[in-house]
Structure formats: structure tokens, C-alpha cells
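Have a look at query.pdb below; it lists PDB, C-alpha atoms, pLDDT in the B column.
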ATOM      1  CA  MET O 638     -39.663 121.109 108.842  1.00 81.00           C
ATOM      2  CA  LEU O 639     -41.091 117.995 107.194  1.00 85.00           C
ATOM      3  CA  ASP O 640     -41.979 119.986 104.077  1.00 91.00           C
ATOM      4  CA  TYR O 641     -38.381 121.203 103.922  1.00 93.00           C
ATOM      5  CA  VAL O 642     -36.967 117.707 104.323  1.00 92.00           C
ATOM      6  CA  ASP O 643     -39.271 116.337 101.628  1.00 92.00           C
ATOM      7  CA  ALA O 644     -38.265 119.110  99.213  1.00 93.00           C
ATOM      8  CA  VAL O 645     -34.536 118.717  99.853  1.00 92.00           C
ATOM      9  CA  VAL O 646     -34.558 114.935  99.667  1.00 90.00           C
ATOM     10  CA  SER O 647     -36.430 115.138  96.352  1.00 90.00           C
ATOM     11  CA  ALA O 648     -34.070 117.719  94.835  1.00 87.00           C
ATOM     12  CA  ARG O 649     -31.899 116.473  91.989  1.00 83.00           C
ATOM     13  CA  THR O 650     -29.703 119.483  91.240  1.00 81.00           C
ATOM     14  CA  MET O 651     -27.834 122.246  93.085  1.00 81.00           C
ATOM     15  CA  GLU O 652     -30.005 124.765  91.261  1.00 83.00           C
ATOM     16  CA  THR O 653     -33.086 123.221  92.865  1.00 88.00           C
ATOM     17  CA  ILE O 654     -31.850 122.679  96.393  1.00 89.00           C
ATOM     18  CA  TRP O 655     -30.155 126.046  96.982  1.00 92.00           C
ATOM     19  CA  PRO O 656     -33.211 128.357  96.857  1.00 93.00           C
ATOM     20  CA  ILE O 657     -35.097 125.899  99.071  1.00 94.00           C
ATOM     21  CA  HIS O 658     -32.424 126.229 101.729  1.00 96.00           C
ATOM     22  CA  CYS O 659     -32.105 130.000 101.360  1.00 95.00           C
ATOM     23  CA  GLU O 660     -35.835 130.386 101.939  1.00 96.00           C
ATOM     24  CA  ALA O 661     -35.757 128.092 104.975  1.00 96.00           C
ATOM     25  CA  MET O 662     -32.867 129.971 106.619  1.00 97.00           C
ATOM     26  CA  ALA O 663     -34.501 133.355 105.913  1.00 96.00           C
ATOM     27  CA  LYS O 664     -37.438 132.263 108.062  1.00 96.00           C
ATOM     28  CA  PHE O 665     -35.043 132.117 111.015  1.00 97.00           C
ATOM     29  CA  GLY O 666     -33.691 135.586 110.230  1.00 96.00           C
ATOM     30  CA  PHE O 667     -30.602 134.500 108.283  1.00 97.00           C
ATOM     31  CA  ASN O 668     -31.257 136.275 105.013  1.00 96.00           C
ATOM     32  CA  ARG O 669     -27.661 135.919 103.826  1.00 97.00           C
ATOM     33  CA  ILE O 670     -25.853 132.596 103.799  1.00 96.00           C
ATOM     34  CA  MET O 671     -22.744 131.027 102.315  1.00 95.00           C
ATOM     35  CA  TYR O 672     -21.955 127.329 101.950  1.00 94.00           C
ATOM     36  CA  GLY O 673     -18.564 125.985 100.989  1.00 90.00           C
ATOM     37  CA  MET O 674     -17.259 122.462 100.460  1.00 86.00           C
ATOM     38  CA  THR O 675     -14.161 120.830  99.046  1.00 82.00           C
ATOM     39  CA  ARG O 676     -13.351 117.168  98.573  1.00 69.00           C
ATOM     40  CA  SER O 677      -9.770 117.873  97.549  1.00 61.00           C
ATOM     41  CA  ARG O 678      -8.399 119.180 100.813  1.00 61.00           C
ATOM     42  CA  ASN O 679      -4.649 118.944 101.305  1.00 64.00           C
ATOM     43  CA  PRO O 680      -3.128 117.851 104.609  1.00 60.00           C
ATOM     44  CA  GLY O 681      -3.239 120.884 106.881  1.00 59.00           C
ATOM     45  CA  ALA O 682      -4.847 123.120 104.253  1.00 65.00           C
ATOM     46  CA  LEU O 683      -8.089 123.632 102.380  1.00 72.00           C
ATOM     47  CA  GLY O 684      -6.692 122.874  98.943  1.00 67.00           C
ATOM     48  CA  SER O 685      -7.175 124.820  95.725  1.00 69.00           C
ATOM     49  CA  ARG O 686      -9.984 127.365  95.351  1.00 67.00           C
ATOM     50  CA  GLU O 687     -10.607 125.790  91.949  1.00 69.00           C
ATOM     51  CA  ASP O 688     -11.874 122.659  93.700  1.00 71.00           C
ATOM     52  CA  PHE O 689     -14.359 124.430  95.988  1.00 78.00           C
ATOM     53  CA  LEU O 690     -18.106 124.286  95.696  1.00 82.00           C
ATOM     54  CA  VAL O 691     -19.406 127.663  96.887  1.00 86.00           C
ATOM     55  CA  LEU O 692     -23.085 128.573  97.129  1.00 90.00           C
ATOM     56  CA  THR O 693     -24.141 131.997  98.382  1.00 92.00           C
ATOM     57  CA  ASN O 694     -26.814 134.637  98.079  1.00 94.00           C
ATOM     58  CA  LEU O 695     -24.425 137.376  99.225  1.00 93.00           C
ATOM     59  CA  GLU O 696     -23.746 140.231  96.844  1.00 92.00           C
ATOM     60  CA  GLU O 697     -20.813 139.843  94.475  1.00 90.00           C
ATOM     61  CA  SER O 698     -19.102 142.855  96.064  1.00 92.00           C
ATOM     62  CA  TYR O 699     -18.689 140.713  99.177  1.00 93.00           C
ATOM     63  CA  ALA O 700     -18.467 137.194  97.766  1.00 91.00           C
ATOM     64  CA  GLU O 701     -15.819 137.879  95.117  1.00 90.00           C
ATOM     65  CA  PRO O 702     -13.151 139.305  97.459  1.00 92.00           C
ATOM     66  CA  PHE O 703     -14.019 136.885 100.246  1.00 93.00           C
ATOM     67  CA  VAL O 704     -13.916 133.740  98.111  1.00 89.00           C
ATOM     68  CA  ASP O 705     -11.974 134.353  94.916  1.00 84.00           C
ATOM     69  CA  LYS O 706      -9.396 136.724  96.400  1.00 87.00           C
ATOM     70  CA  GLY O 707      -8.838 134.454  99.378  1.00 89.00           C
ATOM     71  CA  LEU O 708     -10.075 136.461 102.354  1.00 93.00           C
ATOM     72  CA  TYR O 709     -11.759 133.274 103.613  1.00 92.00           C
ATOM     73  CA  LYS O 710      -8.313 131.922 104.497  1.00 90.00           C
ATOM     74  CA  HIS O 711      -8.043 134.501 107.275  1.00 93.00           C
ATOM     75  CA  ALA O 712     -11.660 134.582 108.407  1.00 95.00           C
ATOM     76  CA  PRO O 713     -11.582 134.225 112.219  1.00 94.00           C
ATOM     77  CA  MET O 714     -14.372 131.619 112.253  1.00 95.00           C
ATOM     78  CA  MET O 715     -12.228 129.444 109.977  1.00 91.00           C
ATOM     79  CA  ARG O 716     -10.545 128.311 113.199  1.00 90.00           C
ATOM     80  CA  HIS O 717     -13.814 126.686 114.193  1.00 92.00           C
ATOM     81  CA  VAL O 718     -14.303 125.123 110.757  1.00 91.00           C
ATOM     82  CA  LEU O 719     -10.841 123.554 110.705  1.00 87.00           C
ATOM     83  CA  HIS O 720     -10.816 122.176 114.223  1.00 88.00           C
ATOM     84  CA  ASN O 721     -14.415 121.582 115.288  1.00 90.00           C
ATOM     85  CA  THR O 722     -17.747 120.123 114.254  1.00 93.00           C
ATOM     86  CA  GLY O 723     -21.096 121.798 114.915  1.00 96.00           C
ATOM     87  CA  ALA O 724     -22.362 125.354 115.329  1.00 97.00           C
ATOM     88  CA  ALA O 725     -20.486 128.309 116.792  1.00 97.00           C
ATOM     89  CA  SER O 726     -21.793 131.773 117.660  1.00 98.00           C
ATOM     90  CA  TRP O 727     -20.014 134.801 116.284  1.00 97.00           C
ATOM     91  CA  ALA O 728     -19.990 136.106 119.849  1.00 96.00           C
ATOM     92  CA  TRP O 729     -16.614 134.335 119.938  1.00 95.00           C
ATOM     93  CA  LEU O 730     -15.219 137.167 117.811  1.00 94.00           C
ATOM     94  CA  SER O 731     -15.792 139.929 120.353  1.00 92.00           C
ATOM     95  CA  GLN O 732     -14.804 137.660 123.220  1.00 94.00           C
ATOM     96  CA  ASN O 733     -11.436 136.917 121.588  1.00 93.00           C
ATOM     97  CA  ALA O 734     -10.756 140.199 119.768  1.00 91.00           C
ATOM     98  CA  SER O 735      -7.348 140.618 121.422  1.00 92.00           C
ATOM     99  CA  LYS O 736      -6.245 137.185 120.194  1.00 93.00           C
ATOM    100  CA  LEU O 737      -7.006 137.766 116.505  1.00 95.00           C
ATOM    101  CA  THR O 738      -4.154 138.056 114.028  1.00 95.00           C
ATOM    102  CA  PRO O 739      -3.727 141.214 111.906  1.00 95.00           C
ATOM    103  CA  GLU O 740      -5.087 139.276 108.919  1.00 95.00           C
ATOM    104  CA  GLU O 741      -8.139 138.164 110.878  1.00 96.00           C
ATOM    105  CA  LYS O 742      -8.760 141.722 112.044  1.00 95.00           C
ATOM    106  CA  ALA O 743      -8.594 142.866 108.407  1.00 96.00           C
ATOM    107  CA  VAL O 744     -11.322 140.358 107.512  1.00 96.00           C
ATOM    108  CA  MET O 745     -13.377 141.617 110.467  1.00 95.00           C
ATOM    109  CA  ARG O 746     -13.129 145.170 109.068  1.00 95.00           C
ATOM    110  CA  PHE O 747     -14.118 143.921 105.620  1.00 96.00           C
ATOM    111  CA  ASN O 748     -17.124 142.154 107.125  1.00 96.00           C
ATOM    112  CA  ALA O 749     -18.159 145.278 109.023  1.00 95.00           C
ATOM    113  CA  GLU O 750     -17.988 147.328 105.816  1.00 95.00           C
ATOM    114  CA  HIS O 751     -20.513 144.911 104.295  1.00 95.00           C
ATOM    115  CA  ASN O 752     -22.706 144.713 107.399  1.00 95.00           C
ATOM    116  CA  VAL O 753     -21.703 141.099 108.042  1.00 96.00           C
ATOM    117  CA  LYS O 754     -21.679 141.344 111.813  1.00 95.00           C
ATOM    118  CA  ALA O 755     -23.953 138.794 113.531  1.00 97.00           C
ATOM    119  CA  GLY O 756     -24.461 135.130 112.836  1.00 97.00           C
ATOM    120  CA  TYR O 757     -23.398 131.538 113.285  1.00 98.00           C
ATOM    121  CA  THR O 758     -20.916 129.264 111.557  1.00 97.00           C
ATOM    122  CA  ILE O 759     -21.594 125.553 111.128  1.00 98.00           C
ATOM    123  CA  SER O 760     -18.771 123.114 110.506  1.00 96.00           C
ATOM    124  CA  PHE O 761     -20.069 119.818 109.166  1.00 94.00           C
ATOM    125  CA  LEU O 762     -18.890 116.358 110.115  1.00 87.00           C
ATOM    126  CA  GLN O 763     -16.130 115.299 107.722  1.00 81.00           C
ATOM    127  CA  ILE O 764     -17.153 112.306 105.610  1.00 73.00           C
ATOM    128  CA  THR O 765     -13.596 111.684 104.339  1.00 72.00           C
ATOM    129  CA  PRO O 766     -10.182 112.994 105.463  1.00 70.00           C
ATOM    130  CA  ARG O 767     -10.052 115.241 102.384  1.00 71.00           C
ATOM    131  CA  THR O 768     -13.549 116.665 102.719  1.00 80.00           C
ATOM    132  CA  ILE O 769     -14.414 119.802 104.641  1.00 87.00           C
ATOM    133  CA  ALA O 770     -17.603 121.858 104.517  1.00 91.00           C
ATOM    134  CA  ALA O 771     -19.099 124.805 106.366  1.00 95.00           C
ATOM    135  CA  MET O 772     -22.090 127.133 106.353  1.00 97.00           C
ATOM    136  CA  ALA O 773     -22.123 130.800 107.388  1.00 97.00           C
ATOM    137  CA  LEU O 774     -25.542 132.021 108.540  1.00 98.00           C
ATOM    138  CA  ILE O 775     -25.655 135.823 108.541  1.00 97.00           C
ATOM    139  CA  ALA O 776     -28.344 137.862 110.266  1.00 97.00           C
ATOM    140  CA  ASP O 777     -29.792 141.110 108.988  1.00 94.00           C
ATOM    141  CA  GLU O 778     -27.586 144.115 109.669  1.00 91.00           C
ATOM    142  CA  SER O 779     -30.174 145.497 112.094  1.00 94.00           C
ATOM    143  CA  VAL O 780     -30.029 142.410 114.349  1.00 96.00           C
ATOM    144  CA  SER O 781     -27.504 142.141 117.178  1.00 96.00           C
ATOM    145  CA  GLN O 782     -25.474 139.064 118.033  1.00 97.00           C
ATOM    146  CA  GLU O 783     -27.258 138.935 121.380  1.00 97.00           C
ATOM    147  CA  ALA O 784     -30.613 138.668 119.596  1.00 97.00           C
ATOM    148  CA  VAL O 785     -29.282 135.970 117.302  1.00 98.00           C
ATOM    149  CA  ASP O 786     -27.966 133.997 120.273  1.00 98.00           C
ATOM    150  CA  ALA O 787     -31.327 134.282 122.029  1.00 98.00           C
ATOM    151  CA  MET O 788     -33.115 132.949 118.955  1.00 97.00           C
ATOM    152  CA  TRP O 789     -30.561 130.147 118.618  1.00 98.00           C
ATOM    153  CA  GLU O 790     -31.197 129.112 122.198  1.00 97.00           C
ATOM    154  CA  ASN O 791     -34.749 128.218 121.192  1.00 96.00           C
ATOM    155  CA  ARG O 792     -34.361 127.148 117.568  1.00 97.00           C
ATOM    156  CA  GLY O 793     -30.702 126.183 117.240  1.00 97.00           C
ATOM    157  CA  ARG O 794     -31.194 122.410 117.179  1.00 96.00           C
ATOM    158  CA  GLU O 795     -33.773 122.740 114.427  1.00 97.00           C
ATOM    159  CA  ILE O 796     -31.565 125.052 112.367  1.00 97.00           C
ATOM    160  CA  LEU O 797     -28.577 122.752 112.782  1.00 97.00           C
ATOM    161  CA  ALA O 798     -30.655 119.737 111.752  1.00 96.00           C
ATOM    162  CA  LEU O 799     -31.906 121.465 108.600  1.00 97.00           C
ATOM    163  CA  ASN O 800     -28.383 122.442 107.630  1.00 97.00           C
ATOM    164  CA  ASN O 801     -27.140 118.904 108.163  1.00 96.00           C
ATOM    165  CA  VAL O 802     -29.919 117.575 105.923  1.00 96.00           C
ATOM    166  CA  PHE O 803     -28.941 120.127 103.282  1.00 95.00           C
ATOM    167  CA  HIS O 804     -25.239 119.251 103.504  1.00 95.00           C
ATOM    168  CA  LEU O 805     -25.820 115.506 103.316  1.00 92.00           C
ATOM    169  CA  LYS O 806     -27.995 115.985 100.231  1.00 92.00           C
ATOM    170  CA  VAL O 807     -25.395 118.204  98.576  1.00 89.00           C
ATOM    171  CA  THR O 808     -22.764 115.494  98.998  1.00 86.00           C
ATOM    172  CA  GLN O 809     -24.938 113.234  96.833  1.00 83.00           C
ATOM    173  CA  LEU O 810     -25.368 115.720  93.980  1.00 82.00           C
ATOM    174  CA  PRO O 811     -22.985 116.356  91.087  1.00 72.00           C
ATOM    175  CA  TYR O 812     -21.027 119.570  91.251  1.00 64.00           C
ATOM    176  CA  THR O 813     -18.334 121.128  89.114  1.00 55.00           C
ATOM    177  CA  ALA O 814     -16.652 123.468  91.612  1.00 54.00           C
ATOM    178  CA  ALA O 815     -15.079 126.440  89.798  1.00 51.00           C
ATOM    179  CA  ARG O 816     -14.105 124.420  86.745  1.00 53.00           C
ATOM    180  CA  LYS O 817     -16.213 123.562  83.751  1.00 60.00           C
ATOM    181  CA  THR O 818     -18.363 120.474  83.904  1.00 69.00           C
ATOM    182  CA  LEU O 819     -17.388 117.278  82.150  1.00 76.00           C
ATOM    183  CA  THR O 820     -19.161 116.591  78.881  1.00 82.00           C
ATOM    184  CA  LYS O 821     -21.369 113.552  78.487  1.00 82.00           C
ATOM    185  CA  ARG O 822     -18.685 111.836  76.376  1.00 86.00           C
ATOM    186  CA  GLN O 823     -15.993 112.577  78.946  1.00 86.00           C
ATOM    187  CA  ARG O 824     -18.133 111.155  81.734  1.00 80.00           C
ATOM    188  CA  GLU O 825     -18.873 108.054  79.699  1.00 86.00           C
ATOM    189  CA  THR O 826     -15.201 107.407  78.975  1.00 87.00           C
ATOM    190  CA  PHE O 827     -14.385 107.790  82.679  1.00 83.00           C
ATOM    191  CA  GLU O 828     -17.124 105.351  83.592  1.00 84.00           C
ATOM    192  CA  TRP O 829     -15.647 102.739  81.271  1.00 88.00           C
ATOM    193  CA  VAL O 830     -12.153 103.415  82.648  1.00 85.00           C
ATOM    194  CA  GLY O 831     -13.630 102.837  86.085  1.00 83.00           C
ATOM    195  CA  GLU O 832     -14.915  99.483  84.836  1.00 83.00           C
ATOM    196  CA  GLY O 833     -11.362  98.496  83.894  1.00 86.00           C
ATOM    197  CA  LYS O 834     -11.693  98.941  80.142  1.00 87.00           C
ATOM    198  CA  THR O 835      -8.714  99.887  77.968  1.00 89.00           C
ATOM    199  CA  THR O 836      -8.707 102.763  75.502  1.00 89.00           C
ATOM    200  CA  GLN O 837      -9.211 100.306  72.665  1.00 89.00           C
ATOM    201  CA  ASP O 838     -12.096  98.608  74.507  1.00 89.00           C
ATOM    202  CA  ILE O 839     -13.744 101.984  75.151  1.00 90.00           C
ATOM    203  CA  GLY O 840     -13.396 102.937  71.490  1.00 90.00           C
ATOM    204  CA  ILE O 841     -15.192  99.769  70.407  1.00 90.00           C
ATOM    205  CA  ILE O 842     -17.948 100.178  73.012  1.00 90.00           C
ATOM    206  CA  MET O 843     -18.546 103.853  72.211  1.00 90.00           C
ATOM    207  CA  GLY O 844     -17.959 103.597  68.462  1.00 91.00           C
ATOM    208  CA  LEU O 845     -14.947 105.914  68.566  1.00 90.00           C
ATOM    209  CA  THR O 846     -11.335 105.691  67.460  1.00 92.00           C
ATOM    210  CA  PRO O 847      -8.736 105.209  70.209  1.00 89.00           C
ATOM    211  CA  ALA O 848      -7.394 108.671  69.352  1.00 91.00           C
ATOM    212  CA  THR O 849     -10.807 110.236  70.000  1.00 92.00           C
ATOM    213  CA  VAL O 850     -11.101 108.390  73.310  1.00 89.00           C
ATOM    214  CA  GLU O 851      -7.671 109.716  74.308  1.00 88.00           C
ATOM    215  CA  LYS O 852      -8.810 113.224  73.356  1.00 90.00           C
ATOM    216  CA  HIS O 853     -11.852 112.962  75.641  1.00 87.00           C
ATOM    217  CA  LEU O 854      -9.662 111.742  78.494  1.00 87.00           C
ATOM    218  CA  ARG O 855      -7.095 114.511  77.952  1.00 88.00           C
ATOM    219  CA  LEU O 856      -9.697 117.281  77.929  1.00 86.00           C
ATOM    220  CA  ALA O 857     -11.313 115.812  81.037  1.00 83.00           C
ATOM    221  CA  ARG O 858      -7.961 115.751  82.850  1.00 84.00           C
ATOM    222  CA  GLU O 859      -7.459 119.400  81.936  1.00 83.00           C
ATOM    223  CA  ALA O 860     -10.935 120.330  83.176  1.00 78.00           C
ATOM    224  CA  LEU O 861     -10.264 118.615  86.499  1.00 75.00           C
ATOM    225  CA  ASP O 862      -6.695 119.956  86.726  1.00 75.00           C
ATOM    226  CA  VAL O 863      -5.019 116.596  87.258  1.00 77.00           C
ATOM    227  CA  GLU O 864      -2.155 114.826  85.533  1.00 80.00           C
ATOM    228  CA  THR O 865      -3.320 111.232  85.193  1.00 83.00           C
ATOM    229  CA  THR O 866      -6.537 109.530  84.171  1.00 83.00           C
ATOM    230  CA  ALA O 867      -6.578 107.612  87.458  1.00 80.00           C
ATOM    231  CA  GLN O 868      -6.516 110.908  89.390  1.00 73.00           C
ATOM    232  CA  ALA O 869      -9.247 112.270  87.148  1.00 76.00           C
ATOM    233  CA  VAL O 870     -11.543 109.300  87.749  1.00 76.00           C
ATOM    234  CA  VAL O 871     -11.099 109.620  91.508  1.00 71.00           C
ATOM    235  CA  LYS O 872     -11.757 113.359  91.436  1.00 70.00           C
ATOM    236  CA  ALA O 873     -14.790 113.015  89.172  1.00 73.00           C
ATOM    237  CA  SER O 874     -16.134 110.371  91.547  1.00 66.00           C
ATOM    238  CA  PHE O 875     -15.649 112.686  94.545  1.00 65.00           C
ATOM    239  CA  GLN O 876     -17.574 115.396  92.697  1.00 66.00           C
ATOM    240  CA  ASN O 877     -20.335 112.968  91.685  1.00 63.00           C
ATOM    241  CA  GLN O 878     -19.731 113.769  88.037  1.00 67.00           C
ATOM    242  CA  ILE O 879     -19.778 110.165  86.803  1.00 62.00           C
ATOM    243  CA  PHE O 880     -22.179 107.239  87.142  1.00 56.00           C
ATOM    244  CA  LEU O 881     -25.070 109.706  87.160  1.00 58.00           C
ATOM    245  CA  VAL O 882     -28.729 108.758  87.177  1.00 53.00           C
ATOM    246  CA  ASP O 883     -30.406 109.766  83.894  1.00 53.00           C
ATOM    247  CA  GLY O 884     -31.531 113.364  84.105  1.00 50.00           C
ATOM    248  CA  LEU O 885     -28.931 114.611  86.581  1.00 47.00           C
ATOM    249  CA  ASP O 886     -26.573 115.581  83.789  1.00 48.00           C
ATOM    250  CA  ALA O 887     -29.144 117.670  81.952  1.00 41.00           C
TER     251      ALA O 887
END
Show me, as C-alpha cells, the structure contained in the file I just sent.
Amino acid sequence: MLDYVDAVVSARTMETIWPIHCEAMAKFGFNRIMYGMTRSRNPGALGSREDFLVLTNLEESYAEPFVDKGLYKHAPMMRHVLHNTGAASWAWLSQNASKLTPEEKAVMRFNAEHNVKAGYTISFLQITPRTIAAMALIADESVSQEAVDAMWENRGREILALNNVFHLKVTQLPYTAARKTLTKRQRETFEWVGEGKTTQDIGIIMGLTPATVEKHLRLAREALDVETTAQAVVKASFQNQIFLVDGLDA
């Protein structure tokens, strides 16, 4: 566990931290996992898919319909994610089968077709009202939910702790969700806006014309799908895309 913590704490990019976590979870029998986070949640809803960070080692045949086509909205364990914090066994699904909506039952059938049958869902403590994050830990298709629950009884606290370490580290790293990343120039202009500089000031500091500065700001607003520069700066800050330590934007 200490080796894992050291590796995760030292990680500087999503590309580095994700395989570390996948390997750690596989040792507990969860060879398929999916992590999702958004910092642009709307009141009572998850917000736009375009603002999600999704990390998974599931096959595209599962991940694409589940995430990009919106099946996640009707996933039964989403009830736990939206209203609770901590880990929940998928045993809840069989125990409450009669209470599932038709849409939730359709997701259950989709999961069964892809041998996604036994596992746990972790809903992480919200760090802001607009942030929500969760992890799905999926056991091998040959393992029953009863076996997963028995393992969790002995190792659950450790697994939950490792996932919390992972999540907390992810919140510190830059991510671009489903949109393209900001360029170095765009980040720099946002940083100066955040310091209270005007377009003319930024042009002088960066050696650019005011028109070029405005172009960088416009393209950045488009990339972040917002209308104003103020909204863009806030969103870029939430995604840790500005004020980066040298090397994190490589």
C-alpha cells in the first residue's frame, strides 16, 4: 500500500497515475474499472458530458454506449453516486430489482451482455457543490457478487482508502475532459486575466497585439464551451488547466 501511495503522490499526469491505479485494483480482482468526475455539475443534474473526465480500461464496445450515448444517466448505481458517499455493493441491484425503472433495467441488460455483473461503486466526498466523482470496480465475469462481498469484508477499507488517495490526486492534476486542451498561449493569457490585467496589458507583457490576445481568449472560450472570459477562467481553474507547474503542460 505504501508503494502505491508513493507512486500516486509522485504522479504528475493522468497518463501516469491511471495505469498505477488499474494495476492496484486488479490485485483485488477488479480487472475492469471506470472513473468519472465533473466539476461543472448543474443543480440536480450531472451537467454536460463534454465536461466529464472519464478514465476506464473497459472495452470501447461497452464504454462508448455507456458514456458517450448516455446510458450512465440510467445506471441503477447512479442513485448511490448522487445521494451518498462511500462504497456500495452491487448486491443492491438484485435486492431491489422490482424497484428499478424500465431505463435502469435496460442498463442492467446492457451490463449483462458485456459481463458487467459483480462489483462495487464508490461515490467520493464532494469537494465543491458542483463537483461529483465516482469509481466503478468490476470483477471478472467468472466471480459472483457473493465472492466479491466476502473479499470486500476483509479488504474493503484498504480498497476504499486507495481509491480515495487516487481521487484526491486526480483533483490536483490538469485535465481536459472531452474537449481539446488549452494551448500554452491560451493558458498564459488566462493567467494574466486572473491577475487582473487588461487585454492591452497582456499584449505588452506577452509581446502580442491586443487583437492577438483577443483571439487567444476567444479560441479558449470556444474550447471550454463558455460565453465569457470570466466563465472560462473559472472553468480552466476548476480543471487545473492554468497556473501549472513547469512540466505538467508537456
Residues within 9 Å of segment 774-787 of chain O, please, as a PyMOL selection string. Count all atoms listed in the file; anything in the same chain fewer than 6 positions from it doesn't count.
chain O and resi 662-663+665-672+726-728+751-759+793
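In this structure, atom CA of Ala798 of chain O sits 10.9 Å away from atom CA of Phe761 of chain O.
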I need the output of the PyMOL selection byres ((chain O and resi 716) around 12) for this file as an MDAnalysis selection string; which residues are they?
chainID O and resid 682 709:715 717:722 725 727 729:730 737:738 741 758:760 771
With the cut-off set at 10 Å and counting all atoms listed in the file, tabulate each residue of segment 757-836 of chain O with an atom at most that distance from an atom of segment 866-869 of chain O, showing the nearest atom pair and its distance in Å to one decimal, ordered by chain and increasing number, as a Markdown table.
| residue | atom | partner | partner_atom | distance |
| --- | --- | --- | --- | --- |
| O:Phe827 | CA | O:Ala869 | CA | 8.2 |
| O:Val830 | CA | O:Thr866 | CA | 8.4 |
| O:Gly831 | CA | O:Ala867 | CA | 8.6 |
Next, the residues of the selection above should be written as a PDB file, in the frame of the given file with C-alpha atoms.
ATOM      1  CA  PHE O 827     -14.385 107.790  82.679  1.00 83.00           C
ATOM      2  CA  VAL O 830     -12.153 103.415  82.648  1.00 85.00           C
ATOM      3  CA  GLY O 831     -13.630 102.837  86.085  1.00 83.00           C
TER       4      GLY O 831
END
How big is the axis-aligned box around all listed atoms of segment 764-772 of chain O once 8 Å goes on each side, and where's its centre, in Å to one decimal, as lines of an AutoDock Vina configuration file?
center_x = -16.1
center_y = 119.4
center_z = 104.4
size_x = 28.0
size_y = 31.4
size_z = 20.0
Here is a test: counting all atoms listed in the file, which residue of O:Val646, O:Leu690, O:Met843, O:Met638 is nearest to Leu805 of chain O?
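Of the candidates, the smallest distance to Leu805 of chain O is held by O:Val646.
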Test item: residues at most 10 Å from segment 703-708 of chain O, all atoms listed in the file, excluding those fewer than 2 positions along its chain, as a PyMOL selection string:
chain O and resi 673+686-687+689+691+697-701+710-712+740-741+743-744+747-748+815
Please compute the atom CA of Gly840 of chain O-atom CA of Thr865 of chain O distance, one decimal, in Å.
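Between atom CA of Gly840 of chain O and atom CA of Thr865 of chain O the gap works out to 18.9 Å.
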Computed interatomic separation between atom CA of Leu692 of chain O and atom CA of Leu799 of chain O (Å)
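A separation of 16.1 Å between them.
The set of residues that the PyMOL selection byres ((chain O and resi 836) around 9) takes from this file is Thr826, Val830, Lys834, Thr835, Gln837, Asp838, Ile839, Gly840, Ile841, Thr846, Pro847, Ala848, Val850 and Glu851 of chain O.
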Quick one: everything within 6 Å of Val645 of chain O, counting all atoms listed in the file, minus sequence neighbours fewer than 3 positions away in the same chain. Send it as a list in words.
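Those residues are Val642, Ala648 and Ile654 of chain O.
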Applying the PyMOL selection byres ((chain O and resi 647) around 12) to the file I just gave you, which residues come out? Please list them as a list in words.
Asp640, Tyr641, Val642, Asp643, Ala644, Val645, Val646, Ala648, Arg649, Thr650, Met651, Thr653, Ile654, Ile657, Val802, Phe803, Lys806, Val807, Gln809 and Leu810 of chain O
The residue from O:Ser735, O:Ala724, O:Lys742, O:Ala873 with the smallest atom-to-atom distance to Glu795 of chain O, counting all atoms listed in the file, is O:Ala724
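Using all atoms listed in the file, the smallest distance between any of O:Trp829, O:Arg824, O:Gly723, O:Val870 and His853 of chain O comes from O:Arg824.
With only C-alpha atoms as the atoms that count, the residue of O:Ala773, O:Leu845, O:Ala749, O:Val871 with the shortest distance to Asn694 of chain O is O:Ala773.
Counting all atoms listed in the file and comparing O:Gln763, O:Asn733, O:Thr820, O:Asn791, the residue that lies closest to Thr808 of chain O is O:Gln763.
Residue nearest Glu828 of chain O, chosen from O:Ile842, O:Ala734, O:Ile796, O:Leu861 and counting only C-alpha atoms: O:Ile842.
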